[in-house]
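*Asks:* Below is the file target_25.txt, with compact mmCIF, C-alpha atoms.
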```txt
# COMPACT_ATOMS: atom_id res chain seq x y z
CA LEU I 1 52.48 90.60 134.95
CA PRO I 2 54.47 91.05 131.72
CA ARG I 3 52.90 91.86 128.37
CA ARG I 4 52.24 88.71 126.39
CA ASP I 5 54.26 90.10 123.47
CA ALA I 6 57.31 91.02 125.59
CA PRO I 7 60.50 89.49 124.10
CA LEU I 8 62.03 88.94 127.55
CA ALA I 9 60.55 88.63 131.02
CA VAL I 10 62.41 88.24 134.34
CA PHE I 11 60.86 86.67 137.43
CA GLY I 12 62.18 86.02 140.90
CA ARG I 13 61.17 83.51 143.56
CA LYS I 14 61.98 83.80 147.25
CA ARG I 15 62.21 80.55 149.20
CA PRO I 16 61.69 80.23 152.97
CA MET I 17 64.73 80.14 155.18
CA LEU I 18 65.90 76.65 156.08
CA PRO I 19 65.98 75.42 159.71
CA ASP I 20 69.79 75.25 159.68
CA GLU I 21 69.96 78.86 158.50
CA LEU I 22 67.67 79.99 161.29
CA ARG I 23 69.57 78.03 163.96
CA SER I 24 72.84 79.61 162.88
CA GLY I 25 71.42 83.10 163.34
CA GLY I 26 70.70 83.89 159.71
CA PHE I 27 67.99 86.31 158.68
CA ASP I 28 66.10 87.20 155.53
CA VAL I 29 67.83 89.70 153.27
CA VAL I 30 64.98 89.73 150.72
CA THR I 31 61.35 90.71 151.33
CA PRO I 32 58.90 90.39 148.42
CA HIS I 33 55.99 92.83 148.28
CA SER I 34 53.65 89.85 148.72
CA VAL I 35 53.99 86.36 150.18
CA GLU I 36 52.40 85.06 146.96
CA VAL I 37 52.61 87.05 143.70
CA SER I 38 53.74 90.67 143.23
CA SER I 39 56.03 92.69 141.00
CA GLY I 40 58.67 93.89 143.43
CA LEU I 41 60.94 93.08 146.34
CA VAL I 42 63.24 94.77 148.84
CA VAL I 43 66.85 93.69 149.35
CA HIS I 44 68.22 94.41 152.84
CA GLU I 45 71.93 95.21 152.94
CA PRO I 46 73.52 95.03 156.43
CA LYS I 47 76.32 97.52 157.01
CA VAL I 48 78.77 98.51 159.74
CA LEU I 49 79.34 102.26 159.97
CA VAL I 50 82.64 103.98 160.75
CA ASP I 51 81.66 104.22 164.43
CA LEU I 52 81.10 100.41 164.38
CA SER I 53 77.35 100.79 164.77
CA LYS I 54 75.17 98.56 162.60
CA ALA I 55 72.83 99.86 159.93
CA MET I 56 70.62 98.48 157.16
CA ASP I 57 70.24 99.83 153.63
CA ASN I 58 67.07 98.82 151.78
CA HIS I 59 66.98 98.62 147.99
CA THR I 60 63.72 98.17 146.06
CA TYR I 61 63.67 96.30 142.74
CA ARG I 62 60.85 95.60 140.30
CA PHE I 63 60.53 92.57 138.02
CA ASP I 64 57.95 91.16 135.65
CA GLY I 65 56.85 89.04 138.58
CA VAL I 66 58.02 88.15 142.09
CA PHE I 67 56.86 84.99 143.84
CA GLY I 68 56.94 84.91 147.63
CA GLU I 69 57.26 82.05 150.09
CA ARG I 70 53.61 80.99 149.75
CA SER I 71 53.58 81.00 145.96
CA THR I 72 53.03 77.72 144.13
CA ASN I 73 54.54 76.21 141.01
CA ASN I 74 51.11 76.40 139.40
CA GLN I 75 51.05 80.18 139.95
CA ILE I 76 54.54 80.47 138.50
CA PHE I 77 53.56 78.45 135.44
CA ASP I 78 50.43 80.50 134.79
CA ALA I 79 52.23 83.84 135.12
CA ALA I 80 55.69 83.14 133.73
CA VAL I 81 55.63 80.17 131.38
CA LYS I 82 52.12 79.60 129.99
CA PRO I 83 52.22 82.88 127.98
CA MET I 84 55.36 81.56 126.27
CA VAL I 85 53.63 78.29 125.37
CA ASP I 86 50.71 80.33 124.00
CA TYR I 87 53.19 82.23 121.82
CA LEU I 88 54.80 79.06 120.46
CA PHE I 89 51.46 77.73 119.24
CA ARG I 90 50.24 81.11 117.97
CA VAL I 91 53.29 82.29 116.00
CA LYS I 92 54.75 80.28 113.14
CA GLY I 93 58.46 79.73 113.72
CA GLY I 94 58.28 81.00 117.29
CA HIS I 95 60.97 80.22 119.83
CA GLY I 96 60.89 80.24 123.61
CA THR I 97 63.32 79.61 126.44
CA CYS I 98 62.74 79.18 130.16
CA PHE I 99 66.05 79.62 131.97
CA ALA I 100 66.27 78.93 135.72
CA TYR I 101 69.23 80.67 137.34
CA GLY I 102 70.38 80.63 140.94
CA GLN I 103 72.95 79.24 143.33
CA THR I 104 72.81 75.70 144.69
CA GLY I 105 70.02 75.51 147.25
CA SER I 106 68.10 78.52 145.93
CA GLY I 107 65.08 76.47 144.83
CA LYS I 108 65.61 75.74 141.13
CA THR I 109 64.92 72.01 141.46
CA VAL I 110 61.77 72.54 143.54
CA THR I 111 60.49 74.98 140.92
CA MET I 112 61.42 73.03 137.81
CA GLU I 113 60.89 69.43 139.00
CA GLY I 114 58.58 69.83 142.01
CA LEU I 115 58.67 68.10 145.37
CA GLY I 116 56.86 64.96 144.21
CA GLY I 117 53.59 63.54 145.45
CA GLY I 118 54.95 61.22 148.12
CA GLY I 119 56.66 63.78 150.33
CA GLY I 120 53.83 66.15 151.10
CA GLY I 121 54.67 68.43 148.20
CA GLY I 122 51.19 69.95 148.16
CA ASP I 123 50.78 72.67 145.54
CA ASN I 124 54.48 72.35 144.70
CA ALA I 125 54.34 68.60 144.05
CA LYS I 126 54.46 69.19 140.28
CA GLY I 127 57.17 71.36 138.76
CA LEU I 128 57.27 73.50 135.65
CA TYR I 129 58.48 70.54 133.57
CA TRP I 130 55.20 68.73 134.34
CA HIS I 131 53.04 71.78 133.68
CA VAL I 132 54.73 72.57 130.36
CA ALA I 133 54.63 68.96 129.16
CA HIS I 134 50.91 68.62 129.80
CA GLU I 135 50.15 72.06 128.36
CA VAL I 136 52.05 71.29 125.15
CA PHE I 137 50.44 67.90 124.55
CA GLY I 138 47.03 69.27 125.51
CA ARG I 139 47.47 71.85 122.74
CA VAL I 140 48.68 69.19 120.29
CA ASP I 141 45.63 67.02 121.01
CA ALA I 142 43.35 70.03 120.53
CA GLU I 143 44.87 70.63 117.09
CA LEU I 144 44.17 67.09 115.80
CA GLY I 145 42.33 67.31 112.51
CA LYS I 146 43.29 70.98 112.05
CA ARG I 147 47.03 70.68 111.48
CA ASP I 148 49.69 68.04 111.91
CA LEU I 149 52.02 68.76 114.82
CA ILE I 150 55.08 66.75 115.79
CA VAL I 151 56.82 66.96 119.17
CA ARG I 152 60.47 66.05 119.50
CA ALA I 153 63.00 66.89 122.17
CA GLY I 154 66.68 66.94 122.95
CA PHE I 155 68.18 67.06 126.44
CA LEU I 156 71.44 68.81 127.18
CA GLU I 157 73.44 70.07 130.12
CA ILE I 158 75.41 73.33 130.12
CA TYR I 159 78.22 73.21 132.65
CA ARG I 160 81.16 75.60 132.88
CA GLY I 161 80.70 76.87 129.36
CA LYS I 162 80.42 73.44 127.71
CA CYS I 163 77.38 71.51 126.42
CA TYR I 164 76.74 67.81 126.89
CA ASP I 165 74.14 65.55 125.24
CA LEU I 166 72.22 63.78 128.03
CA LEU I 167 70.74 61.24 125.59
CA ALA I 168 74.17 60.15 124.36
CA ARG I 169 76.08 59.39 127.57
CA LYS I 170 76.93 63.06 128.05
CA ARG I 171 78.78 63.35 124.76
CA LYS I 172 80.15 66.86 124.27
CA ILE I 173 78.35 68.89 121.61
CA GLU I 174 79.21 72.17 119.92
CA VAL I 175 77.15 75.34 119.71
CA MET I 176 77.67 76.95 116.30
CA GLU I 177 76.06 79.67 114.22
CA ASP I 178 74.47 78.92 110.83
CA ASP I 179 74.38 81.15 107.74
CA LYS I 180 71.26 82.89 109.07
CA GLY I 181 72.87 83.79 112.38
CA MET I 182 70.90 81.18 114.34
CA GLN I 183 72.55 79.18 117.11
CA CYS I 184 72.65 75.44 116.39
CA LEU I 185 73.45 72.52 118.69
CA VAL I 186 75.63 70.41 116.43
CA GLY I 187 75.35 66.68 117.16
CA LEU I 188 72.50 66.88 119.70
CA SER I 189 70.32 63.77 119.78
CA TRP I 190 66.58 64.20 119.19
CA VAL I 191 63.72 61.85 120.04
CA TYR I 192 60.11 61.94 118.87
CA LEU I 193 57.50 62.02 121.64
CA SER I 194 53.83 61.08 121.71
CA SER I 195 52.71 62.02 125.24
CA ALA I 196 53.52 64.20 128.23
CA GLU I 197 54.41 61.12 130.27
CA GLU I 198 56.97 60.02 127.69
CA LEU I 199 58.53 63.47 127.72
CA LEU I 200 58.76 63.52 131.52
CA GLN I 201 60.32 60.04 131.65
CA ARG I 202 63.13 60.93 129.27
CA PRO I 203 65.24 63.06 131.67
CA ALA I 204 65.06 60.28 134.29
CA ARG I 205 66.80 57.94 131.84
CA SER I 206 69.69 60.37 131.57
CA GLU I 207 69.63 61.62 135.14
CA ARG I 208 72.61 63.71 136.15
CA PRO I 209 73.80 64.47 139.70
CA PRO I 210 73.26 68.06 140.86
CA ARG I 211 76.41 70.15 140.70
CA ALA I 212 77.33 72.97 143.00
CA THR I 213 77.43 76.42 141.48
CA PRO I 214 81.11 77.31 140.92
CA PRO I 215 82.32 80.30 142.97
```
Turn this file's structure into structure tokens for me.
*Replies:*
Amino acid sequence: LPRRDAPLAVFGRKRPMLPDELRSGGFDVVTPHSVEVSSGLVVHEPKVLVDLSKAMDNHTYRFDGVFGERSTNNQIFDAAVKPMVDYLFRVKGGHGTCFAYGQTGSGKTVTMEGLGGGGGGGDNAKGLYWHVAHEVFGRVDAELGKRDLIVRAGFLEIYRGKCYDLLARKRKIEVMEDDKGMQCLVGLSWVYLSSAEELLQRPARSERPPRATPP
């Protein structure tokens, strides 16, 4: 697991192969060191040699954390995101970003939003959004009487190099740099929040359709 004071940490998650992929003859090209939580994985690279025989090159990579097929969103939150929330409440003026990257179908939505309780989601029913929201407001409630904390949020979409405000009918907003060299989202709408449930309901009011990753 990464050091809690590390400025940047990179994690990977390997999803199971889908039935359609198996039926079409596909095979795994990534093998994590553990089916749950580890720090490395092996990428299998199929090759055809000059004599037309087939071969496989194996490349080992290490990350701050690797989550296998049996890993849960709760494990991912505890290892990858909770230390960042700890930092935000411990350091005055702290910033944190959780960025999910991957092609369409790689598992970003399952990780960030969860599978939901009605579809047999099990340990992946709740996503990282849910875990972070409840962790943040749990910390805020614990600080009552010690210091005044206010939670507010903006919701934006980044698509093909442009930013859109999801609370203002997807109005385009600009990313600009201030006199201190900090990036600012000019024109982004902000709302004040009083509970984890209110935070989680906000994205649903500005729900966007999933978009395929451009080639």
*Asks:* Here is a test: counting all atoms listed in the file, which residue of I:Glu135, I:Asp28, I:Asp57, I:Glu174 is nearest to Phe77 (chain I)?
*Replies:*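 Among I:Glu135, I:Asp28, I:Asp57, I:Glu174, it is I:Glu135 that comes nearest to Phe77 (chain I).
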*Asks:* CA of Met112 (chain I) and CA of Asp86 (chain I), how far apart in Å?
*Replies:*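 Taking CA of Asp86 (chain I) and CA of Met112 (chain I), their separation equals 18.9 Å.
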*Asks:* Quick one: which region 53-91 of chain I residues come within 12 Å of region 138-147 of chain I, and what is the nearest atom pair for each with the distance in Å to one decimal, counting only C-alpha atoms, rows ordered by chain and ascending number, as CSV?
*Replies:*
```
residue,atom,partner,partner_atom,distance
I:Lys82,CA,I:Arg139,CA,11.6
I:Val85,CA,I:Arg139,CA,9.3
I:Asp86,CA,I:Arg139,CA,9.2
I:Tyr87,CA,I:Arg139,CA,11.9
I:Leu88,CA,I:Arg139,CA,10.5
I:Phe89,CA,I:Arg139,CA,7.9
I:Arg90,CA,I:Arg139,CA,10.8
```
*Asks:* Output C-alpha atoms for every residue in the selection just made, as an mmCIF file, in the coordinates of the input.
*Replies:*
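Full text of selection_15.cif as output:
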```
data_model
loop_
_atom_site.group_PDB
_atom_site.id
_atom_site.type_symbol
_atom_site.label_atom_id
_atom_site.label_comp_id
_atom_site.auth_asym_id
_atom_site.auth_seq_id
_atom_site.Cartn_x
_atom_site.Cartn_y
_atom_site.Cartn_z
ATOM 1 C CA LYS I 82 52.120 79.600 129.990
ATOM 2 C CA VAL I 85 53.630 78.290 125.370
ATOM 3 C CA ASP I 86 50.710 80.330 124.000
ATOM 4 C CA TYR I 87 53.190 82.230 121.820
ATOM 5 C CA LEU I 88 54.800 79.060 120.460
ATOM 6 C CA PHE I 89 51.460 77.730 119.240
ATOM 7 C CA ARG I 90 50.240 81.110 117.970
#
```
*Asks:* Nearest to His33 (chain I): which of I:Val132, I:Leu115, I:Val66, I:Val110 is it, counting all atoms listed in the file?
*Replies:*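 Looking at the shortest contact to His33 (chain I), the residue is I:Val66.
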*Asks:* Could you name the residues that touch region 36-43 of chain I at 10 Å or less, counting only C-alpha atoms, but leaving out those on the same chain fewer than 5 positions away, as a PyMOL selection string?
*Replies:* chain I and resi 1-2+11-14+28-31+56-72+75-76+79
*Asks:* Could you tell me which of I:Arg169, I:Leu8, I:Ser195, I:Cys184 comes closest to Ile150 (chain I) if we count only C-alpha atoms?
*Replies:* I:Ser195
*Asks:* Need the shell around Lys170 (chain I): protein/DNA/RNA residues with any atom at most 12 Å away, counting only C-alpha atoms. Skip same-chain ones fewer than 2 positions apart. Format as a ChimeraX atom specification?
*Replies:* /I:155-159,162-168,172-173,187-189,205-208
*Asks:* Create the file for the chosen residues now, containing C-alpha atoms and written as a PDB file, keeping the file's coordinate frame.
*Replies:*
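And here is the file that came out, part.pdb:
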```pdb
ATOM      1  CA  PHE I 155      68.180  67.060 126.440  1.00  0.00           C
ATOM      2  CA  LEU I 156      71.440  68.810 127.180  1.00  0.00           C
ATOM      3  CA  GLU I 157      73.440  70.070 130.120  1.00  0.00           C
ATOM      4  CA  ILE I 158      75.410  73.330 130.120  1.00  0.00           C
ATOM      5  CA  TYR I 159      78.220  73.210 132.650  1.00  0.00           C
ATOM      6  CA  LYS I 162      80.420  73.440 127.710  1.00  0.00           C
ATOM      7  CA  CYS I 163      77.380  71.510 126.420  1.00  0.00           C
ATOM      8  CA  TYR I 164      76.740  67.810 126.890  1.00  0.00           C
ATOM      9  CA  ASP I 165      74.140  65.550 125.240  1.00  0.00           C
ATOM     10  CA  LEU I 166      72.220  63.780 128.030  1.00  0.00           C
ATOM     11  CA  LEU I 167      70.740  61.240 125.590  1.00  0.00           C
ATOM     12  CA  ALA I 168      74.170  60.150 124.360  1.00  0.00           C
ATOM     13  CA  LYS I 172      80.150  66.860 124.270  1.00  0.00           C
ATOM     14  CA  ILE I 173      78.350  68.890 121.610  1.00  0.00           C
ATOM     15  CA  GLY I 187      75.350  66.680 117.160  1.00  0.00           C
ATOM     16  CA  LEU I 188      72.500  66.880 119.700  1.00  0.00           C
ATOM     17  CA  SER I 189      70.320  63.770 119.780  1.00  0.00           C
ATOM     18  CA  ARG I 205      66.800  57.940 131.840  1.00  0.00           C
ATOM     19  CA  SER I 206      69.690  60.370 131.570  1.00  0.00           C
ATOM     20  CA  GLU I 207      69.630  61.620 135.140  1.00  0.00           C
ATOM     21  CA  ARG I 208      72.610  63.710 136.150  1.00  0.00           C
TER      22      ARG I 208
END
```
*Asks:* Looking at all atoms listed in the file, which of I:Lys180, I:His131, I:Lys108, I:His44 is the one that sits closest to Asn74 (chain I)?
*Replies:*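 Among I:Lys180, I:His131, I:Lys108, I:His44, it is I:His131 that comes nearest to Asn74 (chain I).
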*Asks:* State, in Å with one decimal place, the distance from CA of Thr111 (chain I) to CA of Asn73 (chain I).
*Replies:*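 Computed distance, CA of Thr111 (chain I) to CA of Asn73 (chain I), equals 6.1 Å.
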*Asks:* Using Å and a single decimal, report how far CA of Leu149 (chain I) sits from CA of Glu197 (chain I).
*Replies:*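 Spanning CA of Glu197 (chain I) to CA of Leu149 (chain I) is a straight-line distance of 17.4 Å.
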*Asks:* Set the distance at 8 Å and use only C-alpha atoms: which residues neighbour Met17 (chain I) once local chain neighbours fewer than 4 positions away are removed? I'd like the list as an MDAnalysis selection string.
*Replies:* chainID I and resid 21:22 27:28
